[in-house]
$ cat work_7.txt   # compact mmCIF, C-alpha atoms
# COMPACT_ATOMS: atom_id res chain seq x y z
CA MET Y 1 10.09 37.05 16.53
CA THR Y 2 13.35 38.27 15.02
CA PRO Y 3 16.05 35.76 14.00
CA SER Y 4 18.33 37.07 16.75
CA ALA Y 5 15.64 36.55 19.40
CA ARG Y 6 14.61 33.02 18.51
CA PRO Y 7 16.43 29.86 19.67
CA THR Y 8 18.65 28.04 17.20
CA ILE Y 9 16.86 25.26 15.34
CA SER Y 10 17.97 21.82 14.17
CA ILE Y 11 15.97 19.38 12.09
CA ALA Y 12 16.79 15.75 12.88
CA LEU Y 13 16.03 13.63 9.80
CA CYS Y 14 16.30 9.85 9.69
CA THR Y 15 16.35 8.05 6.37
CA TYR Y 16 16.24 4.47 5.16
CA ASN Y 17 15.43 3.58 1.54
CA GLY Y 18 13.46 6.79 1.23
CA GLU Y 19 14.27 8.01 -2.28
CA ALA Y 20 10.64 7.70 -3.46
CA TYR Y 21 9.30 10.37 -1.09
CA LEU Y 22 12.33 12.25 0.26
CA ALA Y 23 12.33 15.08 -2.31
CA THR Y 24 8.79 16.11 -1.35
CA GLN Y 25 9.64 16.26 2.33
CA TRP Y 26 12.83 18.18 1.59
CA LYS Y 27 10.94 20.72 -0.50
CA SER Y 28 8.57 21.32 2.41
CA LEU Y 29 11.55 22.00 4.68
CA LEU Y 30 12.94 24.56 2.22
CA GLU Y 31 9.55 26.30 2.16
CA GLN Y 32 9.36 26.86 5.92
CA HIS Y 33 8.63 30.46 6.88
CA VAL Y 34 11.30 30.04 9.55
CA LEU Y 35 14.27 28.09 8.21
CA PRO Y 36 16.37 25.86 10.45
CA ASP Y 37 19.96 26.60 11.33
CA GLU Y 38 20.94 23.08 10.32
CA ILE Y 39 19.61 19.76 9.14
CA VAL Y 40 21.30 16.64 10.49
CA VAL Y 41 20.59 13.42 8.59
CA CYS Y 42 21.34 9.90 9.77
CA ASP Y 43 20.93 7.32 7.04
CA ASP Y 44 20.55 3.75 8.27
CA ARG Y 45 22.45 2.13 5.41
CA SER Y 46 19.93 2.60 2.63
CA THR Y 47 20.23 0.16 -0.27
CA ASP Y 48 18.57 2.49 -2.81
CA ASN Y 49 19.71 5.94 -3.98
CA THR Y 50 18.71 7.81 -0.81
CA VAL Y 51 22.24 8.94 0.11
CA ALA Y 52 23.02 10.14 -3.42
CA LEU Y 53 19.74 12.07 -3.46
CA LEU Y 54 20.54 13.59 -0.07
CA ASN Y 55 23.89 14.81 -1.33
CA ARG Y 56 22.26 16.47 -4.34
CA LEU Y 57 19.59 18.12 -2.19
CA ALA Y 58 22.10 19.30 0.41
CA ALA Y 59 24.29 20.94 -2.21
CA ASP Y 60 21.67 23.64 -2.85
CA ALA Y 61 20.34 24.04 0.68
CA PRO Y 62 20.36 27.56 2.20
CA PHE Y 63 21.51 26.15 5.57
CA PRO Y 64 24.18 23.67 6.70
CA VAL Y 65 23.39 20.00 6.13
CA ARG Y 66 25.31 17.13 7.72
CA ILE Y 67 24.76 13.67 6.28
CA LEU Y 68 25.85 10.75 8.45
CA VAL Y 69 25.73 7.18 7.17
CA ASN Y 70 25.73 4.51 9.84
CA ALA Y 71 28.54 1.96 9.77
CA THR Y 72 26.02 -0.76 10.56
CA ARG Y 73 22.24 -0.75 10.47
CA LEU Y 74 20.84 0.54 13.79
CA GLY Y 75 17.08 0.29 13.34
CA PHE Y 76 14.73 3.24 13.70
CA ASN Y 77 14.97 3.58 17.50
CA LYS Y 78 18.75 3.83 17.67
CA ASN Y 79 18.93 5.81 14.41
CA PHE Y 80 16.76 8.53 15.96
CA GLU Y 81 18.86 8.35 19.12
CA LYS Y 82 21.97 8.99 17.06
CA VAL Y 83 20.56 11.86 15.01
CA LEU Y 84 19.24 13.60 18.13
CA SER Y 85 22.65 13.36 19.78
CA GLU Y 86 24.29 14.97 16.74
CA CYS Y 87 22.06 18.06 16.65
CA THR Y 88 23.42 21.37 17.99
CA GLY Y 89 20.29 23.56 17.94
CA GLU Y 90 18.49 24.66 21.08
CA LEU Y 91 15.29 23.30 19.55
CA ILE Y 92 15.25 20.01 17.65
CA PHE Y 93 12.45 19.12 15.24
CA ILE Y 94 12.19 15.39 14.58
CA CYS Y 95 11.57 14.61 10.92
CA ASP Y 96 10.55 11.54 8.94
CA GLN Y 97 11.59 11.09 5.32
CA ASP Y 98 8.16 10.68 3.75
CA ASP Y 99 5.83 13.39 5.08
CA CYS Y 100 5.17 16.99 4.07
CA TRP Y 101 5.29 19.90 6.51
CA PHE Y 102 3.10 22.97 6.17
CA PRO Y 103 5.17 26.16 5.70
CA GLU Y 104 4.13 27.57 9.09
CA LYS Y 105 5.08 24.49 11.15
CA VAL Y 106 8.59 25.39 12.33
CA GLY Y 107 7.72 29.01 12.98
CA LEU Y 108 4.51 28.29 14.87
CA MET Y 109 6.00 25.57 17.06
CA THR Y 110 9.13 27.60 17.74
CA ASP Y 111 6.94 30.50 18.83
CA PHE Y 112 5.03 28.11 21.10
CA MET Y 113 8.25 26.96 22.77
CA VAL Y 114 9.43 30.55 23.25
CA LYS Y 115 6.14 31.47 24.91
CA HIS Y 116 6.23 28.34 27.13
CA PRO Y 117 9.80 28.22 28.47
CA ALA Y 118 9.01 25.44 30.97
CA THR Y 119 7.87 23.12 28.16
CA GLN Y 120 10.57 20.69 27.06
CA VAL Y 121 8.56 18.75 24.46
CA ALA Y 122 5.66 19.83 22.26
CA PHE Y 123 3.80 17.98 19.53
CA CYS Y 124 1.18 18.84 16.93
CA ASP Y 125 -1.47 16.99 14.98
CA ALA Y 126 -1.32 15.93 11.31
CA TRP Y 127 -3.61 15.05 8.44
CA VAL Y 128 -3.43 11.37 7.48
CA THR Y 129 -3.18 10.95 3.70
CA ASP Y 130 -2.53 8.25 1.14
CA ALA Y 131 0.78 7.49 -0.54
CA GLN Y 132 0.36 10.43 -2.95
CA LEU Y 133 -0.47 12.87 -0.12
CA LYS Y 134 -4.04 12.94 -1.41
CA GLY Y 135 -7.26 12.69 0.50
CA ARG Y 136 -6.99 14.13 3.97
CA GLN Y 137 -8.71 11.09 5.44
CA SER Y 138 -8.68 12.08 9.09
CA ARG Y 139 -6.58 13.68 11.80
CA PHE Y 140 -3.75 11.60 13.22
CA TRP Y 141 -4.96 12.19 16.77
CA SER Y 142 -8.22 10.41 15.97
CA TRP Y 143 -6.22 7.28 15.08
CA VAL Y 144 -4.45 7.28 18.46
CA ARG Y 145 -7.57 8.23 20.46
CA PHE Y 146 -6.27 11.64 21.48
CA ASP Y 147 -9.78 13.01 21.36
CA GLU Y 148 -11.34 15.97 23.16
CA SER Y 149 -11.76 13.97 26.36
CA ALA Y 150 -8.13 12.82 26.37
CA ARG Y 151 -6.90 16.34 25.64
CA ALA Y 152 -8.98 17.67 28.54
CA ARG Y 153 -7.45 15.08 30.88
CA TRP Y 154 -4.02 16.04 29.58
CA GLN Y 155 -4.55 19.75 30.20
CA SER Y 156 -5.84 19.05 33.70
CA GLY Y 157 -2.43 17.63 34.61
CA ASN Y 158 -2.93 13.94 33.79
CA SER Y 159 -0.64 13.58 30.77
CA MET Y 160 1.06 10.52 32.27
CA ASP Y 161 -2.26 8.72 32.76
CA VAL Y 162 -3.20 9.47 29.15
CA LEU Y 163 0.13 8.19 27.83
CA LEU Y 164 -0.01 5.01 29.91
CA ASP Y 165 -3.23 4.17 28.07
CA GLY Y 166 -1.23 4.25 24.81
CA ASN Y 167 1.21 6.63 23.16
CA ARG Y 168 -0.41 9.71 21.60
CA VAL Y 169 2.78 11.43 20.43
CA MET Y 170 4.13 11.07 16.89
CA GLY Y 171 7.87 11.69 16.69
CA CYS Y 172 7.75 13.49 13.35
CA ALA Y 173 5.27 15.99 14.81
CA THR Y 174 7.47 16.76 17.81
CA VAL Y 175 9.92 19.48 18.84
CA ILE Y 176 12.17 19.06 21.86
CA ARG Y 177 14.68 21.21 23.68
CA ARG Y 178 18.22 19.97 23.38
CA SER Y 179 18.58 20.40 27.14
CA VAL Y 180 16.18 17.48 27.77
CA LEU Y 181 18.33 15.00 25.82
CA ALA Y 182 20.31 14.20 28.98
CA SER Y 183 17.15 12.63 30.41
CA ILE Y 184 15.97 11.00 27.18
CA LEU Y 185 19.15 9.40 25.83
CA PRO Y 186 19.97 6.59 25.50
CA ILE Y 187 16.57 5.37 24.33
CA PRO Y 188 15.74 2.03 25.95
CA GLY Y 189 14.10 -0.86 24.17
CA GLY Y 190 11.79 -3.48 25.50
CA ILE Y 191 8.77 -1.34 26.41
CA PRO Y 192 5.76 -2.99 24.72
CA GLY Y 193 3.76 -0.47 22.71
CA TYR Y 194 6.32 2.34 22.96
CA ILE Y 195 9.14 3.24 20.58
CA TYR Y 196 11.43 6.27 20.66
CA ASP Y 197 8.66 8.89 20.48
CA GLY Y 198 6.67 7.20 23.22
CA TRP Y 199 9.77 7.16 25.42
CA ILE Y 200 10.37 10.88 24.82
CA ALA Y 201 6.76 11.57 25.78
CA LEU Y 202 6.95 9.43 28.94
CA VAL Y 203 10.09 11.19 30.17
CA ALA Y 204 8.58 14.62 29.56
CA ALA Y 205 5.29 13.59 31.18
CA ALA Y 206 7.16 12.33 34.22
CA GLN Y 207 8.78 15.77 34.45
CA GLY Y 208 5.51 17.60 33.70
CA THR Y 209 7.08 19.37 30.72
CA ILE Y 210 5.12 18.18 27.66
CA GLN Y 211 2.36 20.13 25.88
CA PHE Y 212 0.51 19.89 22.59
CA VAL Y 213 -0.26 22.34 19.80
CA ASP Y 214 -3.87 21.70 18.83
CA GLN Y 215 -3.42 22.12 15.10
CA PRO Y 216 -2.47 19.85 12.16
CA LEU Y 217 0.81 21.20 10.81
CA GLN Y 218 1.79 18.51 8.32
CA LEU Y 219 0.60 15.75 6.03
CA TYR Y 220 1.29 12.24 7.30
CA ARG Y 221 1.81 9.90 4.38
CA THR Y 222 0.68 6.26 4.68
CA HIS Y 223 2.20 3.70 2.33
CA GLU Y 224 3.17 0.04 2.18
CA LYS Y 225 6.89 0.55 2.83
CA GLN Y 226 6.43 2.30 6.17
CA GLN Y 227 8.36 0.68 9.00
CA ILE Y 228 5.83 2.02 11.50
CA GLY Y 229 2.63 4.01 11.19
CA VAL Y 230 -1.14 4.15 11.52
CA GLY Y 231 -3.51 1.86 9.73
CA LYS Y 232 -1.46 -1.30 10.26
CA ASP Y 233 -3.54 -4.42 10.70
CA GLU Y 234 -4.11 -5.30 14.34
CA ASP Y 235 -5.60 -8.35 15.94
CA PRO Y 236 -9.26 -7.76 16.81
CA VAL Y 237 -10.08 -7.35 20.48
CA GLU Y 238 -11.93 -10.37 21.78
CA ARG Y 239 -15.25 -9.53 23.41
CA ILE Y 240 -15.82 -11.30 26.72
CA ARG Y 241 -19.48 -12.12 27.36
CA LEU Y 242 -20.77 -11.90 30.91
CA ARG Y 243 -21.49 -15.62 31.15
CA ASP Y 244 -17.98 -16.42 29.89
CA ARG Y 245 -16.51 -14.58 32.87
CA PHE Y 246 -17.70 -17.36 35.16
CA ILE Y 247 -16.50 -20.34 33.14
CA ARG Y 248 -13.21 -19.27 31.54
CA GLN Y 249 -9.91 -20.22 33.13
CA ARG Y 250 -8.67 -17.70 35.65
CA SER Y 251 -5.30 -17.59 33.91
CA LEU Y 252 -7.00 -16.20 30.78
CA LYS Y 253 -8.50 -13.36 32.80
CA LEU Y 254 -5.22 -12.57 34.56
CA ALA Y 255 -3.02 -12.66 31.44
CA PRO Y 256 -3.79 -9.11 30.13
CA LEU Y 257 -3.67 -7.69 33.67
CA ARG Y 258 -0.26 -9.23 34.29
CA GLU Y 259 0.95 -8.00 30.91
CA LYS Y 260 -0.19 -4.46 31.74
CA GLN Y 261 1.39 -4.65 35.18
CA ALA Y 262 4.69 -5.84 33.72
CA THR Y 263 4.72 -2.97 31.20
CA LEU Y 264 4.01 -0.41 33.93
CA ALA Y 265 6.71 -1.91 36.15
CA THR Y 266 9.24 -1.67 33.30
CA ILE Y 267 8.30 1.95 32.60
CA SER Y 268 8.53 2.78 36.31
CA ARG Y 269 11.98 1.22 36.62
CA LEU Y 270 13.35 2.96 33.53
CA LEU Y 271 11.91 6.37 34.40
CA ALA Y 272 13.23 6.17 37.96
CA GLU Y 273 16.73 6.08 36.44
CA ARG Y 274 16.11 9.33 34.52
CA VAL Y 275 13.67 11.37 36.62
CA PRO Y 276 14.79 11.92 40.22
CA GLY Y 277 12.26 12.38 42.98
CA ILE Y 278 8.49 11.94 43.04
CA THR Y 279 6.94 14.26 40.49
CA PRO Y 280 3.19 14.45 39.80
CA GLY Y 281 3.75 12.38 36.67
CA MET Y 282 5.64 9.69 38.56
CA ALA Y 283 2.93 9.69 41.24
CA GLN Y 284 0.34 8.96 38.51
CA LEU Y 285 2.50 6.11 37.24
CA HIS Y 286 2.94 4.63 40.72
CA ARG Y 287 -0.80 4.81 41.43
CA GLN Y 288 -1.65 3.02 38.17
CA LEU Y 289 1.07 0.42 38.80
CA ALA Y 290 -0.32 -0.24 42.29
CA HIS Y 291 -3.82 -0.72 40.85
CA PHE Y 292 -2.78 -3.26 38.22
CA THR Y 293 -0.47 -5.01 40.67
CA MET Y 294 -3.46 -5.44 42.99
CA ARG Y 295 -5.71 -6.72 40.20
CA SER Y 296 -3.13 -9.14 38.79
CA CYS Y 297 -2.25 -10.58 42.21
CA LEU Y 298 -5.66 -11.12 43.79
CA PRO Y 299 -5.81 -14.36 45.80
CA HIS Y 300 -7.80 -17.43 44.72
CA ASP Y 301 -9.94 -17.07 47.82
CA ARG Y 302 -12.83 -14.86 46.67
CA LEU Y 303 -13.53 -13.59 50.18
CA ARG Y 304 -10.02 -12.20 50.43
CA ARG Y 305 -10.48 -10.31 47.14
CA PHE Y 306 -13.41 -8.30 48.47
CA GLN Y 307 -11.51 -5.71 50.54
CA PRO Y 308 -8.89 -4.62 47.96
CA VAL Y 309 -11.45 -4.51 45.13
CA ILE Y 310 -13.91 -2.40 47.13
CA GLN Y 311 -11.06 -0.09 48.11
CA GLY Y 312 -10.15 0.29 44.43
CA LEU Y 313 -13.74 1.17 43.61
CA ARG Y 314 -13.97 3.72 46.42
CA GLN Y 315 -10.71 5.36 45.34
CA GLY Y 316 -12.06 5.63 41.81
CA ASP Y 317 -9.25 3.57 40.29
CA TYR Y 318 -11.52 1.21 38.35
CA LYS Y 319 -13.15 4.20 36.68
CA ARG Y 320 -9.87 6.10 36.28
CA TYR Y 321 -8.20 3.25 34.40
CA ALA Y 322 -11.17 1.96 32.40
CA ASP Y 323 -10.80 2.05 28.63
CA ALA Y 324 -11.88 5.43 27.33
CA SER Y 325 -14.33 3.79 24.90
CA ALA Y 326 -15.92 1.57 27.55
CA ASN Y 327 -19.50 1.90 28.79
CA TRP Y 328 -20.22 3.78 32.01
CA TYR Y 329 -20.78 0.52 33.87
CA ALA Y 330 -17.52 -1.09 32.70
CA PRO Y 331 -15.64 -0.21 35.92
CA VAL Y 332 -18.31 -1.97 38.00
CA LEU Y 333 -18.19 -5.04 35.74
CA ALA Y 334 -14.39 -5.12 36.01
CA ALA Y 335 -14.60 -4.99 39.79
CA LEU Y 336 -17.25 -7.72 39.88
CA GLY Y 337 -15.10 -9.83 37.60
CA ASP Y 338 -12.12 -9.38 39.90
CA MET Y 339 -14.15 -10.55 42.89
CA LEU Y 340 -15.97 -13.46 41.26
CA GLU Y 341 -13.91 -14.87 38.39
$ encode --input "work_7.txt" --output "structure tokens"
Amino acid sequence: MTPSARPTISIALCTYNGEAYLATQWKSLLEQHVLPDEIVVCDDRSTDNTVALLNRLAADAPFPVRILVNATRLGFNKNFEKVLSECTGELIFICDQDDCWFPEKVGLMTDFMVKHPATQVAFCDAWVTDAQLKGRQSRFWSWVRFDESARARWQSGNSMDVLLDGNRVMGCATVIRRSVLASILPIPGGIPGYIYDGWIALVAAAQGTIQFVDQPLQLYRTHEKQQIGVGKDEDPVERIRLRDRFIRQRSLKLAPLREKQATLATISRLLAERVPGITPGMAQLHRQLAHFTMRSCLPHDRLRRFQPVIQGLRQGDYKRYADASANWYAPVLAALGDMLE
């Protein structure tokens, strides 16, 4: 692919107190086989020497660099929104301040986008490392359960269903077309479990325009100062024993179902404002929303629960929306619980 034939490329870099790791990331950008046409940086009012370091690095860069310092602190969601809006390239690579890209990343993902003109968003995998970029512990996708089964579902046209089970897309491993920004921006808040990268993925999935590059193309650094990232402590999932299902309060059973239904309803409302019409992705969202609305609103009368639950089983919805790590009989247990608890 000759420089004249490829789309123009921006790198959108967000920084905040990143002086400890920024130079390593910057060096990896300079070593790309295909260099960007610009780097746009939005600094979210760092209190260390990040901005001074950026100015020194930009002075010797072989491409234009624009450094924008926010007047007030925006937080990572709105900082990424701002940097994306400032980019002028046809392709925009989202970049964190503390990782390290392999030299082939920009070129390989640009080539992928050229060969797949209908794709608006693409993302790759990464190696998860320690704070010194040592020890390739595992692939990032294994942390977010984007395993072979999930990838197969994705490729069969069910990307929205996969994403509604939890975001699989890491912003710093993503390239987007500038033309899709009109649908993505502004980035909404208030979606539990989804930040800016999850929102980008949901919009593209609703449009059927998101694909993945099945290859790790960067090192993903984990360290204590990360604002977000893998490996953060999470509350353990409480195991519900079969006998407990018949003695626990019904409100305890309904709470996670109502929480899931509320999240899906919020996503549905927000996407309807950005994605006109009923696309396959939106149809998947509406089907899942209908299922969890049914489950979270079943009547107290057990006899009246029988018909909607059996219908859900026959339609395959209990199996379709079971946790990917659950046993084969989990959908049947969930249905029995809905009828009897």
$ closest_residue --input "work_7.txt" --among "Y:Arg258, Y:Leu164, Y:Thr129, Y:Cys124" --to "Asp214 in chain Y" --atoms "only C-alpha atoms"
Y:Cys124
$ atom_distance --input "work_7.txt" --atom1 "CA of Ile200 in chain Y" --atom2 "CA of Ile184 in chain Y"
6.1 Å
$ closest_residue --input "work_7.txt" --among "Y:Gly277, Y:Pro62, Y:Gly198, Y:Pro256" --to "Thr174 in chain Y" --atoms "all atoms listed in the file"
Y:Gly198
$ residues_around --input "work_7.txt" --residues "Arg274 in chain Y" --least-positions-apart "2" --cutoff "10 Å" --atoms "all atoms listed in the file" --output "number ranges by chain"
Y: 182-185, 203, 206-207, 269-272, 276-277
$ closest_atom_pairs --input "work_7.txt" --of "range 149-203 of chain Y" --to "range 286-303 of chain Y" --cutoff "12 Å" --atoms "all atoms listed in the file" --output "JSON lines"
{"residue": "Y:Asn158", "atom": "CA", "partner": "Y:Gln288", "partner_atom": "CA", "distance": 11.8}
{"residue": "Y:Met160", "atom": "CA", "partner": "Y:Gln288", "partner_atom": "CA", "distance": 9.9}
{"residue": "Y:Asp161", "atom": "CA", "partner": "Y:Gln288", "partner_atom": "CA", "distance": 7.9}
{"residue": "Y:Val162", "atom": "CA", "partner": "Y:Gln288", "partner_atom": "CA", "distance": 11.2}
{"residue": "Y:Leu163", "atom": "CA", "partner": "Y:Gln288", "partner_atom": "CA", "distance": 11.7}
{"residue": "Y:Leu164", "atom": "CA", "partner": "Y:Gln288", "partner_atom": "CA", "distance": 8.7}
{"residue": "Y:Asp165", "atom": "CA", "partner": "Y:Gln288", "partner_atom": "CA", "distance": 10.3}
$ residues_around --input "work_7.txt" --residues "range 88-94 of chain Y" --least-positions-apart "2" --cutoff "8 Å" --atoms "only C-alpha atoms" --output "ChimeraX atom specification"
/Y:7-13,37-38,84,86,96,106,110,171-179
$ write_last_selection --input "work_7.txt" --atoms "C-alpha atoms" --output "PDB file, in the coordinates of the input"
ATOM      1  CA  PRO Y   7      16.430  29.860  19.670  1.00  0.00           C
ATOM      2  CA  THR Y   8      18.650  28.040  17.200  1.00  0.00           C
ATOM      3  CA  ILE Y   9      16.860  25.260  15.340  1.00  0.00           C
ATOM      4  CA  SER Y  10      17.970  21.820  14.170  1.00  0.00           C
ATOM      5  CA  ILE Y  11      15.970  19.380  12.090  1.00  0.00           C
ATOM      6  CA  ALA Y  12      16.790  15.750  12.880  1.00  0.00           C
ATOM      7  CA  LEU Y  13      16.030  13.630   9.800  1.00  0.00           C
ATOM      8  CA  ASP Y  37      19.960  26.600  11.330  1.00  0.00           C
ATOM      9  CA  GLU Y  38      20.940  23.080  10.320  1.00  0.00           C
ATOM     10  CA  LEU Y  84      19.240  13.600  18.130  1.00  0.00           C
ATOM     11  CA  GLU Y  86      24.290  14.970  16.740  1.00  0.00           C
ATOM     12  CA  ASP Y  96      10.550  11.540   8.940  1.00  0.00           C
ATOM     13  CA  VAL Y 106       8.590  25.390  12.330  1.00  0.00           C
ATOM     14  CA  THR Y 110       9.130  27.600  17.740  1.00  0.00           C
ATOM     15  CA  GLY Y 171       7.870  11.690  16.690  1.00  0.00           C
ATOM     16  CA  CYS Y 172       7.750  13.490  13.350  1.00  0.00           C
ATOM     17  CA  ALA Y 173       5.270  15.990  14.810  1.00  0.00           C
ATOM     18  CA  THR Y 174       7.470  16.760  17.810  1.00  0.00           C
ATOM     19  CA  VAL Y 175       9.920  19.480  18.840  1.00  0.00           C
ATOM     20  CA  ILE Y 176      12.170  19.060  21.860  1.00  0.00           C
ATOM     21  CA  ARG Y 177      14.680  21.210  23.680  1.00  0.00           C
ATOM     22  CA  ARG Y 178      18.220  19.970  23.380  1.00  0.00           C
ATOM     23  CA  SER Y 179      18.580  20.400  27.140  1.00  0.00           C
TER      24      SER Y 179
END
$ closest_residue --input "work_7.txt" --among "Y:Asn77, Y:Asp98, Y:Gln315, Y:Asp147" --to "Trp199 in chain Y" --atoms "only C-alpha atoms"
Y:Asn77
$ atom_distance --input "work_7.txt" --atom1 "CA of Leu29 in chain Y" --atom2 "CA of Trp141 in chain Y"
22.7 Å
$ atom_distance --input "work_7.txt" --atom1 "CA of Ile267 in chain Y" --atom2 "CA of Ala324 in chain Y"
21.1 Å
$ closest_residue --input "work_7.txt" --among "Y:Pro36, Y:Tyr318, Y:Cys14, Y:Phe63" --to "Val51 in chain Y" --atoms "all atoms listed in the file"
Y:Cys14
$ closest_residue --input "work_7.txt" --among "Y:Thr47, Y:Thr15, Y:Gln249, Y:Gln132" --to "Phe76 in chain Y" --atoms "all atoms listed in the file"
Y:Thr15
$ residues_around --input "work_7.txt" --residues "Ala23 in chain Y" --least-positions-apart "2" --cutoff "12 Å" --atoms "all atoms listed in the file" --output "list of chain:residue names"
Y:Thr15, Y:Gly18, Y:Glu19, Y:Ala20, Y:Tyr21, Y:Gln25, Y:Trp26, Y:Lys27, Y:Ser28, Y:Leu29, Y:Leu30, Y:Asn49, Y:Thr50, Y:Val51, Y:Ala52, Y:Leu53, Y:Leu54, Y:Asn55, Y:Arg56, Y:Leu57, Y:Ala58, Y:Asp96, Y:Gln97, Y:Asp98, Y:Asp99, Y:Cys100
$ closest_residue --input "work_7.txt" --among "Y:Ala126, Y:Met109, Y:Ile39, Y:Ala71" --to "Val83 in chain Y" --atoms "all atoms listed in the file"
Y:Ile39
$ residues_around --input "work_7.txt" --residues "Gly135 in chain Y" --least-positions-apart "6" --cutoff "12 Å" --atoms "only C-alpha atoms" --output "number ranges by chain"
Y: 127-129, 219-222
$ write_last_selection --input "work_7.txt" --atoms "C-alpha atoms" --output "PDB file, keeping the file's coordinate frame"
ATOM      1  CA  TRP Y 127      -3.610  15.050   8.440  1.00  0.00           C
ATOM      2  CA  VAL Y 128      -3.430  11.370   7.480  1.00  0.00           C
ATOM      3  CA  THR Y 129      -3.180  10.950   3.700  1.00  0.00           C
ATOM      4  CA  LEU Y 219       0.600  15.750   6.030  1.00  0.00           C
ATOM      5  CA  TYR Y 220       1.290  12.240   7.300  1.00  0.00           C
ATOM      6  CA  ARG Y 221       1.810   9.900   4.380  1.00  0.00           C
ATOM      7  CA  THR Y 222       0.680   6.260   4.680  1.00  0.00           C
TER       8      THR Y 222
END
$ residues_around --input "work_7.txt" --residues "Thr72 in chain Y" --least-positions-apart "2" --cutoff "8 Å" --atoms "all atoms listed in the file" --output "list in words"
Asp44, Arg45, Asn70 and Leu74 of chain Y
$ write_last_selection --input "work_7.txt" --atoms "C-alpha atoms" --output "PDB file, keeping the file's coordinate frame"
ATOM      1  CA  ASP Y  44      20.550   3.750   8.270  1.00  0.00           C
ATOM      2  CA  ARG Y  45      22.450   2.130   5.410  1.00  0.00           C
ATOM      3  CA  ASN Y  70      25.730   4.510   9.840  1.00  0.00           C
ATOM      4  CA  LEU Y  74      20.840   0.540  13.790  1.00  0.00           C
TER       5      LEU Y  74
END
$ build_atoms --input "work_7.txt" --residues "range 81-85 of chain Y" --atoms "all heavy atoms" --output "PDB file, in the frame of the given file"
ATOM      1  N   GLU Y  81      17.981   8.014  17.995  1.00  0.00           N
ATOM      2  CA  GLU Y  81      18.860   8.350  19.120  1.00  0.00           C
ATOM      3  C   GLU Y  81      20.140   9.011  18.623  1.00  0.00           C
ATOM      4  O   GLU Y  81      20.584  10.034  19.168  1.00  0.00           O
ATOM      5  CB  GLU Y  81      19.184   7.088  19.910  1.00  0.00           C
ATOM      6  CG  GLU Y  81      20.159   7.302  21.052  1.00  0.00           C
ATOM      7  CD  GLU Y  81      20.478   6.008  21.768  1.00  0.00           C
ATOM      8  OE1 GLU Y  81      19.534   5.358  22.260  1.00  0.00           O
ATOM      9  OE2 GLU Y  81      21.679   5.655  21.836  1.00  0.00           O
ATOM     10  N   LYS Y  82      20.724   8.444  17.578  1.00  0.00           N
ATOM     11  CA  LYS Y  82      21.970   8.990  17.060  1.00  0.00           C
ATOM     12  C   LYS Y  82      21.780  10.379  16.471  1.00  0.00           C
ATOM     13  O   LYS Y  82      22.559  11.305  16.745  1.00  0.00           O
ATOM     14  CB  LYS Y  82      22.564   8.055  15.992  1.00  0.00           C
ATOM     15  CG  LYS Y  82      23.865   8.579  15.391  1.00  0.00           C
ATOM     16  CD  LYS Y  82      24.448   7.615  14.385  1.00  0.00           C
ATOM     17  CE  LYS Y  82      25.728   8.186  13.770  1.00  0.00           C
ATOM     18  NZ  LYS Y  82      26.312   7.255  12.767  1.00  0.00           N
ATOM     19  N   VAL Y  83      20.736  10.561  15.660  1.00  0.00           N
ATOM     20  CA  VAL Y  83      20.560  11.860  15.010  1.00  0.00           C
ATOM     21  C   VAL Y  83      20.264  12.945  16.040  1.00  0.00           C
ATOM     22  O   VAL Y  83      20.723  14.086  15.907  1.00  0.00           O
ATOM     23  CB  VAL Y  83      19.460  11.788  13.919  1.00  0.00           C
ATOM     24  CG1 VAL Y  83      18.059  11.760  14.496  1.00  0.00           C
ATOM     25  CG2 VAL Y  83      19.606  12.953  12.940  1.00  0.00           C
ATOM     26  N   LEU Y  84      19.511  12.618  17.080  1.00  0.00           N
ATOM     27  CA  LEU Y  84      19.240  13.600  18.130  1.00  0.00           C
ATOM     28  C   LEU Y  84      20.535  14.016  18.828  1.00  0.00           C
ATOM     29  O   LEU Y  84      20.743  15.196  19.128  1.00  0.00           O
ATOM     30  CB  LEU Y  84      18.249  13.035  19.144  1.00  0.00           C
ATOM     31  CG  LEU Y  84      16.804  12.861  18.660  1.00  0.00           C
ATOM     32  CD1 LEU Y  84      15.986  12.108  19.708  1.00  0.00           C
ATOM     33  CD2 LEU Y  84      16.149  14.202  18.360  1.00  0.00           C
ATOM     34  N   SER Y  85      21.397  13.057  19.082  1.00  0.00           N
ATOM     35  CA  SER Y  85      22.650  13.360  19.780  1.00  0.00           C
ATOM     36  C   SER Y  85      23.595  14.216  18.946  1.00  0.00           C
ATOM     37  O   SER Y  85      24.468  14.890  19.488  1.00  0.00           O
ATOM     38  CB  SER Y  85      23.355  12.061  20.184  1.00  0.00           C
ATOM     39  OG  SER Y  85      23.849  11.372  19.049  1.00  0.00           O
TER      40      SER Y  85
END
